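Novice: Here's a structure for you.
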Number of protein chains: 2
Amino acid sequence: MTSSSAASVICTVDVVLLTLQQGELHVALLRRERAPFAGVLALPGGYIHAQEDADAHASAARVLRDKAALQSPYLEQLATFSGPARDPRGWSVAVAYFALVPHGLLSGAPLVTLAPVAQLPPLPFDHGAMVEAAVARVRSKSQYSSLPVHLCAEPFTLPQLQAVYEAVLGEPLNKVSFRRKMDELELLEPLPGELQTGGAHRPAQLYRVRPPYRRCLSLSPRGL
Amino acid sequence: MTSSSAASVICTVDVVLLTLQQGELHVALLRRERAPFAGVLALPGGYIHAQEDADAHASAARVLRDKAALQSPYLEQLATFSGPARDPRGWSVAVAYFALVPHGLLSGAPLVTLAPVAQLPPLPFDHGAMVEAAVARVRSKSQYSSLPVHLCAEPFTLPQLQAVYEAVLGEPLNKVSFRRKMDELELLEPLPGELQTGGAHRPAQLYRVRPPYRRCLSLSPRGL
DNA sequence: GAAATAGTGTCTATAAGACAGTATTTT
DNA sequence: AAAATACTGTCTTATAGACACTATTTC
């Protein structure tokens, strides 16, 4: 019994990049430039570059930078998918990440196609399973954390943020409870200015995420 | 720019095998047989065998079977650790899993050393970080799921199971609330027999996990 | 019956949700 | 002033925890 098998494993990263469009979660897809599945819509991904990447997280960040022109969106490891059949090139390990961005930040990547996660097109490899896992993870963590703020462009109002939570969770939330929770999380700080353009009603207070929570999450002990 | 780097990545699995000993979480360690770190206590792990393993989960199960004589303990993917420095052999990807077993099942593996997770010895690679991540994950999921039942040999009593939860979570639980929650989870079924040997007091009802939850978790919407 | 732990009934405290009110804008 | 939405006060309901009581065993 030798260990010669190790070198034959293909190592890649894939990114499930999610955003909200018209109140629905969408995933970013790109046409593949190379075989296998050249020309087919798939998740952004690529080989780990051992020469330049500090770790797989850096590989995923590089993929997002190169293929979607995104500098530093929220990026978290999702799970690792592996096996002999998921990639026609052979036994492979794909470290999957998910990223969240406000919809507006995608304007720098005109080649990106957004597909609603509720009606995914057929995807190569096991990218369909990756998207499903990412959506389940995001929905789950949104029940008790500040994760959805990363889908919201700053500054934002509390009604806007509540709408984002409701879109991700797929259910309406109690306004009083939502605001109580946001208060307890100590996640946001108000900006002296207000939102006015909206229309014929009282303007809403604008908020931004407090610096300590810009790159980590705020957790609520009992959910919401 | 070529993709030649992919083949140079080392692919391994490591398993954080946890059990309860005297009310404290312990991790199973083994002396390494080979370089690097030959003779040093480390997590059970090894190369992915592309010829025989159906995926990385199967690799981890094989490692547990070969090195700890465990047939099918609870086994869940934890996270993937990667980078150029974690393994002296070069840029590596280690898919880490965690496993839970009742303490009694470890008797078949006399070479296993149990170390309390609260006072870990120095560990090679990034195995220390893996153990910390596994303990954090287990503590977190134990707050709202049936995960700790996998640390408990069947059949067991409710006071025994509560003690396991308390050991994992590190805090006492309310007896009435605990039993209410266990009832709501519909996780357990009583056995006609009872526990008696214990001692000078009323015997406790024995339970086992209901079949649908033997390999998956039961989740409580609001924790506990 | 004393001691010990199992199991339960019930009250209290806390958290979540419903509802309705006030506030501030545009037309 | 009417309409629209932001925000808040307060009551009701649901859940979690405290406490005490009963139950069943050994010595």
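For the structure tokens, the naming scheme is as follows: chains receive sequential letters (A, B, ...) according to their order of presentation, residues are indexed from 1 within each chain, and ligands are indexed from 1 in presentation order.
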Going by DSSP on the backbone, which bits of chain A are alpha helix (DSSP H)? Write them as number ranges by chain, please.
Specialist: A: 56-68, 127-142, 158-169, 175-185
Novice: I need the chosen residues saved as a PDB file, in the first residue's frame, with C-alpha atoms.
Specialist:
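So the final result, stored in again26.pdb, reads:
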ATOM      1  CA  ALA A  56      -8.196  28.215   0.090  1.00  0.00           C
ATOM      2  CA  HIS A  57     -10.002  31.298   1.392  1.00  0.00           C
ATOM      3  CA  ALA A  58      -7.481  33.429  -0.479  1.00  0.00           C
ATOM      4  CA  SER A  59      -8.064  31.312  -3.582  1.00  0.00           C
ATOM      5  CA  ALA A  60     -11.784  32.021  -3.354  1.00  0.00           C
ATOM      6  CA  ALA A  61     -11.154  35.737  -2.825  1.00  0.00           C
ATOM      7  CA  ARG A  62      -8.870  35.737  -5.867  1.00  0.00           C
ATOM      8  CA  VAL A  63     -11.540  34.033  -7.984  1.00  0.00           C
ATOM      9  CA  LEU A  64     -14.077  36.671  -6.945  1.00  0.00           C
ATOM     10  CA  ARG A  65     -11.627  39.455  -7.661  1.00  0.00           C
ATOM     11  CA  ASP A  66     -10.595  38.138 -11.066  1.00  0.00           C
ATOM     12  CA  LYS A  67     -13.968  36.914 -12.311  1.00  0.00           C
ATOM     13  CA  ALA A  68     -16.481  39.236 -10.636  1.00  0.00           C
ATOM     14  CA  HIS A 127     -22.735  23.096  -8.439  1.00  0.00           C
ATOM     15  CA  GLY A 128     -26.463  22.653  -7.923  1.00  0.00           C
ATOM     16  CA  ALA A 129     -25.842  20.960  -4.588  1.00  0.00           C
ATOM     17  CA  MET A 130     -23.406  23.721  -3.641  1.00  0.00           C
ATOM     18  CA  VAL A 131     -26.011  26.410  -4.290  1.00  0.00           C
ATOM     19  CA  GLU A 132     -28.598  24.505  -2.285  1.00  0.00           C
ATOM     20  CA  ALA A 133     -26.189  24.099   0.607  1.00  0.00           C
ATOM     21  CA  ALA A 134     -25.279  27.790   0.500  1.00  0.00           C
ATOM     22  CA  VAL A 135     -28.906  28.908   0.490  1.00  0.00           C
ATOM     23  CA  ALA A 136     -29.722  26.573   3.376  1.00  0.00           C
ATOM     24  CA  ARG A 137     -26.733  27.885   5.337  1.00  0.00           C
ATOM     25  CA  VAL A 138     -27.616  31.526   4.695  1.00  0.00           C
ATOM     26  CA  ARG A 139     -31.265  30.974   5.644  1.00  0.00           C
ATOM     27  CA  SER A 140     -30.241  29.130   8.788  1.00  0.00           C
ATOM     28  CA  LYS A 141     -27.695  31.702   9.961  1.00  0.00           C
ATOM     29  CA  SER A 142     -30.042  34.564   9.138  1.00  0.00           C
ATOM     30  CA  LEU A 158     -34.449  49.618   9.321  1.00  0.00           C
ATOM     31  CA  PRO A 159     -37.472  48.967   7.062  1.00  0.00           C
ATOM     32  CA  GLN A 160     -35.061  48.187   4.213  1.00  0.00           C
ATOM     33  CA  LEU A 161     -33.060  45.807   6.384  1.00  0.00           C
ATOM     34  CA  GLN A 162     -36.219  44.112   7.597  1.00  0.00           C
ATOM     35  CA  ALA A 163     -37.269  43.597   3.970  1.00  0.00           C
ATOM     36  CA  VAL A 164     -33.890  41.951   3.295  1.00  0.00           C
ATOM     37  CA  TYR A 165     -34.342  39.601   6.248  1.00  0.00           C
ATOM     38  CA  GLU A 166     -37.852  38.777   5.084  1.00  0.00           C
ATOM     39  CA  ALA A 167     -36.637  38.064   1.552  1.00  0.00           C
ATOM     40  CA  VAL A 168     -33.894  35.736   2.809  1.00  0.00           C
ATOM     41  CA  LEU A 169     -36.061  33.950   5.350  1.00  0.00           C
ATOM     42  CA  LYS A 175     -41.744  44.912  13.137  1.00  0.00           C
ATOM     43  CA  VAL A 176     -41.560  45.560  16.883  1.00  0.00           C
ATOM     44  CA  SER A 177     -39.668  42.337  17.567  1.00  0.00           C
ATOM     45  CA  PHE A 178     -37.293  42.939  14.672  1.00  0.00           C
ATOM     46  CA  ARG A 179     -36.389  46.387  15.936  1.00  0.00           C
ATOM     47  CA  ARG A 180     -36.033  45.151  19.509  1.00  0.00           C
ATOM     48  CA  LYS A 181     -33.605  42.469  18.289  1.00  0.00           C
ATOM     49  CA  MET A 182     -31.596  44.857  16.156  1.00  0.00           C
ATOM     50  CA  ASP A 183     -31.313  47.075  19.200  1.00  0.00           C
ATOM     51  CA  GLU A 184     -30.106  44.188  21.375  1.00  0.00           C
ATOM     52  CA  LEU A 185     -27.556  43.078  18.771  1.00  0.00           C
TER      53      LEU A 185
END
Novice: List every residue of chain C that has an atom at most 12 Å from any atom of chain A, giving for each one its closest atom pair and the distance in Å to one decimal, counting only C-alpha atoms (C1' of nucleotides), sorted by chain and then by ascending residue number, as a tab-separated table.
Specialist:
residue	atom	partner	partner_atom	distance
C:DA15	C1'	A:Arg222	CA	9.2
C:DA16	C1'	A:Ser177	CA	6.7
C:DG17	C1'	A:Asn174	CA	6.7
C:DA18	C1'	A:Asn174	CA	8.9
C:DC19	C1'	A:Val176	CA	10.9
C:DA23	C1'	A:Arg202	CA	7.5
C:DT24	C1'	A:Arg202	CA	4.3
C:DT25	C1'	A:Arg202	CA	4.1
C:DT26	C1'	A:Ala200	CA	4.0
C:DT27	C1'	A:Ala200	CA	7.5
Novice: Would you kindly report the residues of chain A within 12 Å of chain B, using only C-alpha atoms, as a PyMOL selection string?
Specialist: chain A and resi 1-13+34+46-59+76-86+90-97+140+143-144+219-224
Novice: Report as a PyMOL selection string: the residues of stretch 13-165 of chain A with a DSSP assignment of strand (DSSP E), based on the backbone of this structure.
Specialist: chain A and resi 13-21+24-31+41-42+45-47+74-83+92-100+113-116+156-157
Novice: Filtering to N, CA and C atoms, could you give me those residues as a short mmCIF file (atom, residue, chain, number, x, y, z; two decimals), in the first residue's frame?
Specialist:
data_model
loop_
_atom_site.label_atom_id
_atom_site.label_comp_id
_atom_site.auth_asym_id
_atom_site.auth_seq_id
_atom_site.Cartn_x
_atom_site.Cartn_y
_atom_site.Cartn_z
N VAL A 13 -11.45 25.54 -5.88
CA VAL A 13 -12.41 26.27 -5.05
C VAL A 13 -13.57 26.70 -5.94
N ASP A 14 -14.76 26.77 -5.36
CA ASP A 14 -15.93 27.29 -6.05
C ASP A 14 -16.63 28.26 -5.11
N VAL A 15 -17.24 29.29 -5.70
CA VAL A 15 -17.89 30.31 -4.88
C VAL A 15 -19.35 30.45 -5.27
N VAL A 16 -20.22 30.31 -4.26
CA VAL A 16 -21.64 30.58 -4.44
C VAL A 16 -21.85 32.04 -4.04
N LEU A 17 -21.92 32.90 -5.05
CA LEU A 17 -22.06 34.34 -4.81
C LEU A 17 -23.54 34.69 -4.87
N LEU A 18 -24.07 35.13 -3.72
CA LEU A 18 -25.52 35.39 -3.62
C LEU A 18 -25.79 36.88 -3.48
N THR A 19 -26.91 37.29 -4.05
CA THR A 19 -27.34 38.67 -3.91
C THR A 19 -28.87 38.69 -4.00
N LEU A 20 -29.44 39.83 -3.64
CA LEU A 20 -30.90 39.98 -3.74
C LEU A 20 -31.23 40.81 -4.97
N GLN A 21 -32.17 40.31 -5.77
CA GLN A 21 -32.67 41.06 -6.90
C GLN A 21 -34.18 41.00 -6.83
N GLU A 24 -35.64 38.63 -4.28
CA GLU A 24 -35.41 37.19 -4.38
C GLU A 24 -33.91 36.92 -4.38
N LEU A 25 -33.49 35.85 -3.71
CA LEU A 25 -32.09 35.46 -3.74
C LEU A 25 -31.70 34.98 -5.13
N HIS A 26 -30.58 35.49 -5.61
CA HIS A 26 -30.04 35.06 -6.90
C HIS A 26 -28.58 34.63 -6.73
N VAL A 27 -28.14 33.72 -7.57
CA VAL A 27 -26.76 33.27 -7.54
C VAL A 27 -26.06 33.72 -8.82
N ALA A 28 -24.80 34.13 -8.68
CA ALA A 28 -24.02 34.61 -9.81
C ALA A 28 -23.40 33.44 -10.56
N LEU A 29 -23.64 33.39 -11.88
CA LEU A 29 -23.08 32.33 -12.72
C LEU A 29 -22.24 32.95 -13.84
N LEU A 30 -21.25 32.21 -14.30
CA LEU A 30 -20.39 32.66 -15.39
C LEU A 30 -20.28 31.55 -16.43
N ARG A 31 -20.13 31.97 -17.70
CA ARG A 31 -19.88 30.95 -18.74
C ARG A 31 -18.43 30.48 -18.60
N LEU A 41 -22.91 27.70 -18.26
CA LEU A 41 -23.03 28.52 -17.06
C LEU A 41 -22.69 27.68 -15.83
N ALA A 42 -21.82 28.24 -14.97
CA ALA A 42 -21.38 27.50 -13.77
C ALA A 42 -20.98 28.50 -12.70
N GLY A 45 -15.11 29.62 -10.20
CA GLY A 45 -14.23 28.70 -9.48
C GLY A 45 -12.92 28.56 -10.20
N GLY A 46 -12.05 27.76 -9.64
CA GLY A 46 -10.77 27.54 -10.29
C GLY A 46 -9.83 26.75 -9.41
N TYR A 47 -8.69 26.44 -9.98
CA TYR A 47 -7.68 25.72 -9.23
C TYR A 47 -7.16 26.55 -8.07
N TYR A 74 -18.37 39.78 1.81
CA TYR A 74 -18.44 38.79 2.89
C TYR A 74 -18.23 37.41 2.27
N LEU A 75 -17.26 36.65 2.80
CA LEU A 75 -16.86 35.37 2.21
C LEU A 75 -16.63 34.37 3.32
N GLU A 76 -17.33 33.24 3.26
CA GLU A 76 -17.25 32.25 4.33
C GLU A 76 -17.19 30.86 3.74
N GLN A 77 -16.40 30.01 4.37
CA GLN A 77 -16.31 28.64 3.88
C GLN A 77 -17.64 27.93 4.08
N LEU A 78 -18.07 27.18 3.08
CA LEU A 78 -19.36 26.50 3.12
C LEU A 78 -19.16 25.03 3.45
N ALA A 79 -18.53 24.29 2.59
CA ALA A 79 -18.29 22.87 2.79
C ALA A 79 -17.36 22.42 1.68
N THR A 80 -16.86 21.21 1.82
CA THR A 80 -15.97 20.66 0.81
C THR A 80 -16.64 19.47 0.15
N PHE A 81 -16.65 19.50 -1.17
CA PHE A 81 -17.29 18.45 -1.97
C PHE A 81 -16.19 17.64 -2.64
N SER A 82 -16.37 16.34 -2.69
CA SER A 82 -15.27 15.51 -3.18
C SER A 82 -15.80 14.21 -3.75
N GLY A 83 -14.93 13.52 -4.47
CA GLY A 83 -15.30 12.22 -5.03
C GLY A 83 -14.76 12.04 -6.43
N SER A 92 -11.63 14.54 -7.26
CA SER A 92 -11.40 15.96 -7.00
C SER A 92 -11.92 16.36 -5.63
N VAL A 93 -11.32 17.41 -5.13
CA VAL A 93 -11.76 18.06 -3.89
C VAL A 93 -12.05 19.51 -4.23
N ALA A 94 -13.30 19.94 -3.99
CA ALA A 94 -13.66 21.34 -4.24
C ALA A 94 -14.06 21.97 -2.92
N VAL A 95 -13.30 22.96 -2.48
CA VAL A 95 -13.66 23.69 -1.27
C VAL A 95 -14.62 24.79 -1.69
N ALA A 96 -15.88 24.68 -1.25
CA ALA A 96 -16.90 25.65 -1.66
C ALA A 96 -17.03 26.75 -0.62
N TYR A 97 -17.16 27.98 -1.11
CA TYR A 97 -17.38 29.15 -0.27
C TYR A 97 -18.68 29.79 -0.69
N PHE A 98 -19.26 30.59 0.22
CA PHE A 98 -20.35 31.44 -0.22
C PHE A 98 -19.99 32.88 0.09
N ALA A 99 -20.49 33.76 -0.77
CA ALA A 99 -20.24 35.20 -0.62
C ALA A 99 -21.56 35.93 -0.73
N LEU A 100 -21.67 37.04 -0.02
CA LEU A 100 -22.87 37.88 -0.09
C LEU A 100 -22.46 39.27 -0.53
N THR A 113 -24.15 36.32 -14.89
CA THR A 113 -25.58 36.05 -15.06
C THR A 113 -26.16 35.74 -13.70
N LEU A 114 -27.28 36.38 -13.36
CA LEU A 114 -27.93 36.09 -12.09
C LEU A 114 -29.09 35.13 -12.32
N ALA A 115 -29.09 34.04 -11.57
CA ALA A 115 -30.18 33.07 -11.67
C ALA A 115 -30.88 32.99 -10.33
N PRO A 116 -32.23 33.02 -10.33
CA PRO A 116 -32.95 32.92 -9.06
C PRO A 116 -32.71 31.54 -8.43
N PHE A 156 -28.43 52.17 5.15
CA PHE A 156 -29.76 51.62 4.89
C PHE A 156 -30.67 51.97 6.06
N THR A 157 -31.97 51.82 5.82
CA THR A 157 -32.94 52.10 6.88
C THR A 157 -33.37 50.77 7.51
#
Novice: Separation of atom CA of A:Ala35 and atom CA of A:Val117, in Å?
Specialist: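 Going from atom CA of A:Ala35 over to atom CA of A:Val117 covers 24.9 Å.
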Novice: With a cut-off of 9 Å and counting only C-alpha atoms (C1' of nucleotides), select all residues of chain D in contact with chain A and give the selection as a PyMOL selection string.
Specialist: chain D and resi 3-8
Novice: Of the candidates B:Pro73, B:Pro121, B:Gly170, B:Pro44, which shows the shortest atom-to-atom distance to B:Arg215, using only C-alpha atoms?
Specialist: B:Pro73
Novice: Using atom C1' of D:DA16 and atom C1' of C:DT14 as the two end points, give the distance in Å to one decimal.
Specialist: 7.6 Å
Novice: Interatomic distance between atom CA of A:Tyr207 and atom CA of A:Pro155?
Specialist: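 Result for atom CA of A:Tyr207 versus atom CA of A:Pro155: 5.4 Å, one decimal.
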